[in-house]
>>> print(open('data_19.txt').read())   # compact mmCIF, C-alpha atoms
# COMPACT_ATOMS: atom_id res chain seq x y z
CA MET A 1138 -12.21 -15.05 1.96
CA ASN A 1139 -13.88 -14.50 -1.43
CA GLN A 1140 -11.60 -14.05 -4.42
CA THR A 1141 -11.76 -10.66 -6.10
CA PHE A 1142 -10.10 -9.16 -9.17
CA GLY A 1143 -7.95 -6.94 -6.95
CA ARG A 1144 -6.79 -9.78 -4.71
CA VAL A 1145 -5.80 -11.95 -7.67
CA ILE A 1146 -3.73 -9.29 -9.43
CA ARG A 1147 -2.13 -7.95 -6.25
CA GLN A 1148 -0.95 -11.41 -5.23
CA ALA A 1149 0.28 -12.16 -8.77
CA ARG A 1150 2.16 -8.83 -8.88
CA LYS A 1151 3.85 -9.62 -5.56
CA ASP A 1152 4.72 -13.12 -6.77
CA LYS A 1153 6.38 -11.61 -9.84
CA GLY A 1154 8.29 -9.10 -7.72
CA TYR A 1155 6.92 -5.95 -9.38
CA SER A 1156 6.11 -2.80 -7.45
CA GLN A 1157 2.79 -1.10 -8.17
CA ARG A 1158 4.57 1.62 -10.15
CA GLU A 1159 6.60 -0.87 -12.19
CA LEU A 1160 3.56 -2.89 -13.20
CA ALA A 1161 1.49 0.23 -13.90
CA LYS A 1162 4.19 1.37 -16.33
CA LEU A 1163 4.15 -1.98 -18.13
CA ILE A 1164 0.38 -2.02 -18.56
CA GLU A 1165 0.34 1.69 -19.42
CA VAL A 1166 -1.97 2.93 -16.69
CA ASP A 1167 -1.37 5.42 -13.91
CA TYR A 1168 -0.19 3.71 -10.73
CA THR A 1169 -3.00 5.38 -8.79
CA TYR A 1170 -5.52 3.56 -11.02
CA LEU A 1171 -3.70 0.25 -10.55
CA SER A 1172 -3.76 0.85 -6.78
CA LYS A 1173 -7.55 1.21 -6.98
CA LEU A 1174 -7.89 -1.95 -9.09
CA GLU A 1175 -5.78 -3.90 -6.61
CA ASN A 1176 -7.90 -2.80 -3.70
CA ASP A 1177 -11.22 -3.22 -5.57
CA HIS A 1178 -11.91 0.51 -5.29
CA ALA A 1179 -12.00 1.41 -9.00
CA ALA A 1180 -15.09 3.29 -10.09
CA TYR A 1181 -15.22 1.41 -13.41
CA PRO A 1182 -13.99 -2.05 -14.49
CA PRO A 1183 -10.66 -2.32 -16.28
CA SER A 1184 -10.74 -2.34 -20.07
CA LYS A 1185 -10.19 -5.58 -21.94
CA GLU A 1186 -6.80 -4.26 -23.03
CA VAL A 1187 -5.75 -3.64 -19.42
CA ILE A 1188 -6.88 -7.15 -18.47
CA ARG A 1189 -4.98 -8.58 -21.45
CA LEU A 1190 -1.78 -6.79 -20.42
CA LEU A 1191 -2.19 -7.84 -16.78
CA VAL A 1192 -2.61 -11.44 -17.91
CA ARG A 1193 0.52 -11.13 -20.06
CA TYR A 1194 2.84 -9.51 -17.52
CA LEU A 1195 1.58 -11.49 -14.52
CA ASP A 1196 1.58 -14.87 -16.32
CA LEU A 1197 -2.11 -15.37 -15.66
CA ALA A 1198 -3.07 -16.91 -19.03
CA GLU A 1199 -4.75 -19.86 -17.32
CA ARG A 1200 -6.94 -17.53 -15.29
CA GLU A 1201 -7.82 -15.04 -18.02
CA GLU A 1202 -11.48 -16.01 -18.24
CA GLU A 1203 -11.86 -15.95 -14.46
CA LEU A 1204 -10.26 -12.50 -14.35
CA ILE A 1205 -12.60 -11.16 -17.03
CA TYR A 1206 -15.61 -12.22 -14.95
CA LEU A 1207 -14.10 -11.02 -11.67
CA ALA A 1208 -13.53 -7.64 -13.31
CA GLY A 1209 -17.23 -7.45 -14.07
CA ARG A 1210 -16.85 -8.03 -17.80
CA ILE A 1211 -17.80 -10.94 -20.09
CA THR A 1212 -15.76 -12.84 -22.64
CA ALA A 1213 -16.10 -12.21 -26.40
CA ASP A 1214 -17.99 -15.52 -26.84
CA ASP A 1215 -20.41 -14.67 -24.06
CA GLU A 1216 -20.88 -11.25 -25.54
CA ARG A 1217 -22.02 -12.78 -28.84
CA ILE A 1218 -24.44 -15.14 -27.06
CA PHE A 1219 -25.67 -12.29 -24.90
CA GLN A 1220 -26.34 -10.07 -27.91
CA GLU A 1221 -28.33 -12.84 -29.62
CA LEU A 1222 -30.39 -13.44 -26.49
CA VAL A 1223 -31.09 -9.78 -26.00
CA LYS A 1224 -32.23 -9.41 -29.60
CA GLN A 1225 -34.50 -12.45 -29.40
CA ASN A 1226 -35.88 -11.75 -25.93
CA TYR A 1227 -35.57 -8.02 -25.60
CA LYS A 1228 -38.86 -7.70 -23.72
CA GLN A 1229 -38.11 -10.40 -21.14
CA MET A 1230 -34.46 -9.51 -20.50
CA PRO A 1231 -34.99 -6.70 -17.96
CA ALA A 1232 -37.33 -8.93 -15.95
CA LEU A 1233 -34.80 -11.78 -16.07
CA PHE A 1234 -31.97 -9.59 -14.80
CA ARG A 1235 -34.10 -8.18 -12.00
CA MET A 1236 -35.20 -11.66 -10.97
CA TRP A 1237 -31.56 -12.82 -10.96
CA ARG A 1238 -30.53 -9.83 -8.85
CA ASP A 1239 -33.45 -9.98 -6.41
CA ASN A 1240 -33.65 -13.74 -6.10
CA PRO A 1241 -30.24 -15.17 -7.00
CA HIS A 1242 -31.14 -18.61 -5.56
CA SER A 1243 -33.70 -19.26 -8.30
CA VAL A 1244 -31.06 -18.84 -11.01
CA GLN A 1245 -28.49 -20.73 -8.96
CA LYS A 1246 -30.90 -23.64 -8.81
CA LEU A 1247 -31.23 -23.62 -12.60
CA LEU A 1248 -27.46 -23.62 -13.02
CA GLU A 1249 -27.00 -26.53 -10.63
CA GLU A 1250 -29.69 -28.75 -12.14
CA PRO A 1251 -27.74 -30.17 -15.11
CA ILE A 1252 -24.70 -30.82 -12.90
CA GLN A 1253 -26.54 -32.91 -10.31
CA PRO A 1254 -27.19 -36.11 -12.33
CA GLU A 1255 -23.55 -36.15 -13.44
CA ASN A 1256 -22.34 -35.86 -9.83
CA GLU A 1257 -24.74 -38.55 -8.73
CA GLU A 1258 -23.43 -40.87 -11.41
CA LYS A 1259 -19.89 -40.31 -10.19
CA GLU A 1260 -20.89 -40.96 -6.59
CA SER A 1261 -22.69 -44.19 -7.47
CA MET B 945 -13.90 -0.30 20.42
CA SER B 946 -10.43 0.38 19.13
CA VAL B 947 -7.41 -1.41 17.77
CA ILE B 948 -5.06 1.42 18.78
CA LYS B 949 -2.55 0.49 21.45
CA PRO B 950 -2.38 2.62 24.59
CA GLU B 951 0.39 5.19 24.69
CA GLN B 952 3.86 3.71 24.78
CA ARG B 953 7.17 5.57 24.68
CA TYR B 954 9.52 3.65 22.41
CA SER B 955 13.18 4.59 22.52
CA LYS B 956 14.90 5.67 19.29
CA LYS B 957 17.01 2.53 19.56
CA GLU B 958 13.94 0.32 19.79
CA ILE B 959 12.29 2.01 16.78
CA GLU B 960 15.48 1.67 14.74
CA ARG B 961 15.74 -1.99 15.75
CA ARG B 962 12.18 -2.65 14.56
CA ALA B 963 12.83 -0.97 11.21
CA ASN B 964 16.06 -2.92 10.69
CA ASP B 965 14.38 -6.13 11.70
CA LEU B 966 11.73 -5.61 9.04
CA LEU B 967 14.32 -4.73 6.38
CA ASN B 968 16.34 -7.84 7.25
CA LYS B 969 13.25 -10.03 6.89
CA MET B 970 12.59 -8.47 3.47
CA GLN B 971 16.22 -9.00 2.48
CA ALA B 972 15.78 -12.71 3.04
CA LYS B 973 13.00 -12.91 0.39
CA PRO B 974 14.18 -12.63 -3.23
CA ASN B 975 11.08 -10.69 -4.35
CA TYR B 976 11.58 -8.02 -1.72
CA ALA B 977 15.36 -7.88 -1.36
CA GLY B 978 15.79 -4.86 -3.67
CA ASN B 979 18.97 -4.13 -5.50
CA GLY B 980 19.78 -0.49 -4.94
CA ARG B 981 19.96 2.13 -2.27
CA ARG B 982 16.39 3.27 -2.79
CA ILE B 983 13.90 1.53 -0.51
CA ASP B 984 10.40 1.54 -1.98
CA ALA B 985 7.92 1.99 0.86
CA SER B 986 5.13 0.43 -1.20
CA ARG B 987 7.20 -2.76 -1.41
CA VAL B 988 7.48 -2.74 2.38
CA ALA B 989 3.67 -2.48 2.50
CA ASP B 990 3.48 -5.40 0.03
CA PHE B 991 5.74 -7.43 2.28
CA LEU B 992 3.45 -6.75 5.23
CA ASP B 993 0.43 -7.62 3.05
CA ILE B 994 -0.95 -4.11 3.39
CA GLY B 995 -2.64 -2.61 0.33
CA VAL B 996 -1.69 0.90 -0.79
CA VAL B 997 -4.43 2.84 -2.54
CA TRP B 998 -4.32 6.38 -3.91
CA GLU B 999 -7.65 8.13 -3.55
CA SER B 1000 -9.20 11.52 -2.99
CA LEU B 1001 -9.56 12.14 0.71
CA PRO B 1002 -11.88 15.05 1.41
CA SER B 1003 -10.79 17.47 4.13
CA ASP B 1004 -12.77 17.46 7.35
CA ASP B 1005 -13.41 20.19 9.92
CA GLN B 1006 -9.82 19.91 11.15
CA GLY B 1007 -8.29 20.36 7.71
CA GLN B 1008 -6.53 18.33 5.06
CA ILE B 1009 -5.95 14.60 5.53
CA ALA B 1010 -2.67 13.32 4.04
CA ALA B 1011 -3.25 9.62 4.57
CA MET B 1012 -5.01 7.08 6.68
CA ILE B 1013 -4.90 3.42 7.62
CA LEU B 1014 -7.96 1.21 7.59
CA PRO B 1015 -6.69 -1.43 10.03
CA LEU B 1016 -9.31 -4.11 9.39
CA GLN B 1017 -8.99 -3.79 5.62
CA ARG B 1018 -5.18 -3.72 5.90
CA GLU B 1019 -5.14 -0.67 3.66
CA ILE B 1020 -3.12 2.51 3.57
CA VAL B 1021 -4.98 5.25 1.72
CA ILE B 1022 -2.86 8.14 0.38
CA ASN B 1023 -4.52 11.40 -0.63
CA ASN B 1024 -4.36 11.59 -4.39
CA ASP B 1025 -5.21 15.30 -4.31
CA ILE B 1026 -1.93 16.40 -2.70
CA PRO B 1027 0.57 16.64 -5.59
CA LYS B 1028 3.71 16.57 -3.44
CA LEU B 1029 2.72 13.12 -2.14
CA ARG B 1030 3.44 11.66 -5.57
CA GLU B 1031 7.21 11.72 -5.03
CA GLY B 1032 9.50 11.66 -2.00
CA TYR B 1033 6.79 12.87 0.36
CA GLY B 1034 4.63 9.97 -0.79
CA GLN B 1035 7.37 7.48 0.09
CA SER B 1036 7.75 9.10 3.47
CA THR B 1037 3.97 9.09 4.00
CA ILE B 1038 3.58 5.40 3.16
CA ALA B 1039 6.54 4.60 5.43
CA HIS B 1040 4.98 6.79 8.15
CA GLU B 1041 1.72 4.83 7.95
CA ILE B 1042 3.72 1.60 8.15
CA GLY B 1043 5.24 3.09 11.29
CA HIS B 1044 1.77 3.42 12.81
CA TRP B 1045 0.92 -0.12 11.71
CA LEU B 1046 4.00 -1.54 13.42
CA LEU B 1047 4.04 0.59 16.54
CA HIS B 1048 0.50 1.66 17.30
CA ILE B 1049 -1.98 -0.84 15.92
CA ASN B 1050 -2.65 -3.93 17.96
CA GLN B 1051 -2.34 -6.72 15.38
CA GLU B 1052 -3.99 -9.32 17.63
CA ASP B 1053 -7.07 -7.14 18.08
CA VAL B 1054 -7.19 -6.57 14.32
CA GLU B 1055 -7.35 -10.36 13.81
CA LYS B 1056 -10.17 -10.66 16.34
CA PHE B 1057 -12.21 -7.93 14.67
CA VAL B 1058 -11.61 -9.36 11.19
CA ASP B 1059 -12.82 -12.70 12.49
CA ARG B 1060 -16.00 -11.04 13.78
CA MET B 1061 -16.49 -9.23 10.49
CA GLU B 1062 -16.22 -12.52 8.58
CA ARG B 1063 -18.97 -13.91 10.81
CA ASP B 1064 -21.16 -10.96 9.75
CA ILE B 1065 -20.98 -9.34 13.17
CA GLU B 1066 -21.10 -5.58 12.77
CA VAL B 1067 -17.75 -3.98 13.59
CA ASN B 1068 -17.02 -0.29 13.42
CA ILE B 1069 -13.35 0.63 13.69
CA PRO B 1070 -12.56 4.21 12.69
CA PRO B 1071 -9.63 4.83 10.34
CA PHE B 1072 -6.33 6.04 11.76
CA LEU B 1073 -5.95 9.50 10.20
CA CYS B 1074 -2.74 11.41 9.53
CA ARG B 1075 -2.95 15.08 8.72
CA SER B 1076 0.73 15.65 8.05
CA ALA B 1077 3.46 13.12 7.56
CA SER B 1078 6.04 15.67 6.61
CA ASP B 1079 9.04 17.13 8.36
CA GLN B 1080 6.69 19.28 10.47
CA VAL B 1081 6.38 16.24 12.68
CA TYR B 1082 10.06 16.46 13.52
CA GLN B 1083 9.81 20.10 14.44
CA SER B 1084 6.77 19.78 16.67
CA ILE B 1085 7.37 19.30 20.34
CA ALA B 1086 5.90 15.95 21.18
CA ASN B 1087 3.72 17.03 24.07
CA THR B 1088 0.54 15.10 23.54
CA GLN B 1089 -0.08 11.44 23.06
CA ILE B 1090 -0.99 12.03 19.39
CA ASP B 1091 2.21 14.06 18.83
CA TRP B 1092 4.25 11.22 20.28
CA ARG B 1093 2.60 8.72 18.00
CA GLU B 1094 3.24 10.94 14.99
CA TRP B 1095 6.85 11.47 15.98
CA GLN B 1096 7.42 7.74 16.53
CA ALA B 1097 5.83 6.81 13.19
CA GLN B 1098 7.94 9.40 11.38
CA TYR B 1099 11.12 8.25 13.09
CA LEU B 1100 10.38 4.68 12.06
CA ALA B 1101 9.75 5.91 8.49
CA SER B 1102 13.20 7.56 8.45
CA CYS B 1103 14.91 4.45 9.77
CA LEU B 1104 13.08 2.36 7.18
CA LEU B 1105 13.88 4.54 4.15
CA MET B 1106 17.37 5.56 5.33
CA PRO B 1107 18.96 2.72 7.30
CA VAL B 1108 22.46 3.51 8.54
CA HIS B 1109 24.18 0.94 6.32
CA ILE B 1110 22.67 2.53 3.20
CA LEU B 1111 23.56 6.05 4.37
CA GLU B 1112 27.12 4.89 5.00
CA GLN B 1113 27.38 3.77 1.39
CA ALA B 1114 25.63 6.83 -0.03
CA GLN B 1115 27.85 9.34 1.81
CA LYS B 1116 31.07 7.87 0.40
CA ALA B 1117 32.76 10.32 -1.98
CA ARG B 1118 30.31 13.00 -0.86
CA ASP B 1119 30.76 16.06 1.31
CA LEU B 1120 27.96 16.20 3.84
CA THR B 1121 28.52 19.93 4.40
CA LYS B 1122 27.59 20.80 0.81
CA TRP B 1123 23.93 21.18 -0.17
CA PRO B 1124 24.36 19.86 -3.77
CA HIS B 1125 25.85 16.65 -2.32
CA LEU B 1126 22.94 16.28 0.09
CA TYR B 1127 20.41 16.89 -2.70
CA ALA B 1128 22.14 14.22 -4.81
CA MET B 1129 21.98 11.82 -1.87
CA ALA B 1130 18.28 12.55 -1.26
CA ASP B 1131 17.61 11.94 -4.93
CA GLU B 1132 19.51 8.67 -4.89
CA LEU B 1133 17.62 7.46 -1.84
CA GLY B 1134 14.23 8.67 -3.15
CA VAL B 1135 13.52 10.83 -0.10
CA THR B 1136 13.00 14.56 0.38
CA ILE B 1137 15.86 16.83 1.38
CA SER B 1138 14.04 17.49 4.69
CA ASN B 1139 13.79 13.76 5.38
CA LEU B 1140 17.50 13.36 4.71
CA THR B 1141 18.74 16.36 6.73
CA ASN B 1142 16.54 15.41 9.68
CA ARG B 1143 17.89 11.88 9.59
CA LEU B 1144 21.51 13.04 9.35
CA LYS B 1145 20.95 15.52 12.19
CA GLY B 1146 19.38 12.76 14.27
CA LEU B 1147 22.42 10.56 13.71
CA GLY B 1148 24.74 13.41 14.63
CA TRP B 1149 26.38 13.37 11.20
CA ILE B 1150 25.54 17.01 10.48
CA ARG B 1151 24.58 20.15 12.42
CA LEU B 1152 22.49 23.00 11.05
CA THR B 1153 22.20 26.37 12.70
CA GLU B 1154 19.01 28.39 12.69
CA ASN B 1155 18.80 31.27 10.19
CA SER B 1156 21.80 30.00 8.26
CA LYS B 1157 22.19 27.63 5.39
CA GLN B 1158 25.64 26.59 6.56
CA ILE B 1159 26.04 22.88 7.27
CA TYR B 1160 28.59 21.70 9.83
CA LEU B 1161 29.90 18.21 10.19
CA GLY B 1162 28.58 16.49 13.30
CA ASN B 1163 30.76 14.68 15.81
CA THR B 1164 29.66 11.23 14.66
CA ALA B 1165 29.96 11.92 10.91
CA PRO B 1166 31.63 8.96 9.15
CA SER B 1167 34.41 11.14 7.72
CA ARG B 1168 35.19 12.35 11.27
CA THR B 1169 35.18 9.00 12.93
CA GLY B 1170 36.94 7.43 9.96
CA ALA B 1171 34.86 4.34 10.45
CA PHE B 1172 33.42 4.21 6.93
CA LYS B 1173 36.08 5.80 4.77
>>> encode(input="data_19.txt", output="structure tokens")
Amino acid sequence: MNQTFGRVIRQARKDKGYSQRELAKLIEVDYTYLSKLENDHAAYPPSKEVIRLLVRYLDLAEREEELIYLAGRITADDERIFQELVKQNYKQMPALFRMWRDNPHSVQKLLEEPIQPENEEKES
Amino acid sequence: MSVIKPEQRYSKKEIERRANDLLNKMQAKPNYAGNGRRIDASRVADFLDIGVVWESLPSDDQGQIAAMILPLQREIVINNDIPKLREGYGQSTIAHEIGHWLLHINQEDVEKFVDRMERDIEVNIPPFLCRSASDQVYQSIANTQIDWREWQAQYLASCLLMPVHILEQAQKARDLTKWPHLYAMADELGVTISNLTNRLKGLGWIRLTENSKQIYLGNTAPSRTGAFK
């Protein structure tokens, strides 16, 4: 089963022994919103502050970056790179995003290319 | 296609046994053991790996929907638009849905359908809807199959939130014939006064007469039997 933001935080909350209401109080959100996050039903992604507090109270520091992406957000570093790219390639960006969405394999291929020689080296 | 079990008449004893069995299993796990008299129904759902989500549930042609279970998603959805569900009624409603999960949903069939879903085979299982999980269920005469299911789920909810051993402790130093004492007990247990009085009536600890607010001690009340003094 694919990992989702909701699955990760629900399992971590259970592991820590918090109820939904207890954790919601700690991270200062309404428990109904937390219930939506946990079940991947929220209409909008959690704020960075909510993610930060979840990471803190659920001891998920090692998975912070993963959680940011699973929530549908990007890290501060990525945001800077992204802004630079958008500024430099503002005309091509919409086409790139559409291509990525409509044909994800083409981008996947690009991402895998630099990894392949390294893997081959290890295998040999 | 359905994951709902055919009609089955469970005895009160059997339903109580199932609730106690579940509570005992939770007691054995440190994260779920709890440390007070208040049993949090959402923790029971956690223990069963069932998600609880609060959302707006639009009414349909038969009226308001209080809650529903999505069996394949292992989710209980509680109607966010009904304010009274936020407190004791909400606890009772979650526990009621857990009652349906334990008594009326065929877990083996759920597994089979989930397996199909994961293999991208189209599966369409309708949600299990509950229009009212309140004390009305107790008062209705369980004539139809649906009424029986509702009654059974609500009875399991009562056993789950108000197990006898917790009631025995909570009634100590209290007078069960006095409303303020019962309200204090309901508050301590995190249930509604209707939930509590129905449970106590069911156990034979109190008797209530129609058109009167007078409470009488039942024949099996702990202070009468002397068993729990």
>>> closest_residue(input="data_19.txt", among="A:Arg1189, A:Lys1246, A:Asn1240, A:Ser1184", to="Glu1202 in chain A", atoms="all atoms listed in the file")
A:Arg1189
>>> residues_near_point(input="data_19.txt", point="(8.6, -5.4, -5.9)", cutoff="12 Å", atoms="all atoms listed in the file", output="JSON, numbers by chain")
{"A": [1147, 1148, 1149, 1150, 1151, 1152, 1153, 1154, 1155, 1156, 1157, 1158, 1159, 1160], "B": [970, 971, 973, 974, 975, 976, 977, 978, 979, 983, 984, 985, 986, 987, 988, 989, 990, 991]}
>>> closest_residue(input="data_19.txt", among="A:Pro1182, A:Gly1209, A:Gly1143, A:Pro1231", to="chain B", atoms="all atoms listed in the file")
A:Gly1143
>>> residues_near_point(input="data_19.txt", point="(-1.8, 12.7, 4.5)", cutoff="12 Å", atoms="all atoms listed in the file", output="ChimeraX atom specification")
/B:998-1003,1007-1013,1020-1030,1033-1041,1072-1078,1094
>>> atom_distance(input="data_19.txt", atom1="CA of Arg981 in chain B", atom2="CA of Trp1092 in chain B")
28.9 Å
>>> atom_distance(input="data_19.txt", atom1="CA of Asn1176 in chain A", atom2="CA of Ala1208 in chain A")
12.1 Å
>>> closest_residue(input="data_19.txt", among="A:Ala1161, A:Ile1188, A:Ala1179, A:Val1145", to="chain B", atoms="all atoms listed in the file")
A:Ala1179
>>> atom_distance(input="data_19.txt", atom1="CA of His1178 in chain A", atom2="CA of Arg1210 in chain A")
15.9 Å
>>> interface_residues(input="data_19.txt", of="chain A", to="chain B", cutoff="6 Å", atoms="all atoms listed in the file", output="list in words")
Gly1154, Thr1169, Ser1172 and Lys1173 of chain A
>>> write_last_selection(input="data_19.txt", atoms="C-alpha atoms", output="tab-separated table (two decimals), keeping the file's coordinate frame")
chain	number	residue	atom	x	y	z
A	1154	GLY	CA	8.29	-9.10	-7.72
A	1169	THR	CA	-3.00	5.38	-8.79
A	1172	SER	CA	-3.76	0.85	-6.78
A	1173	LYS	CA	-7.55	1.21	-6.98
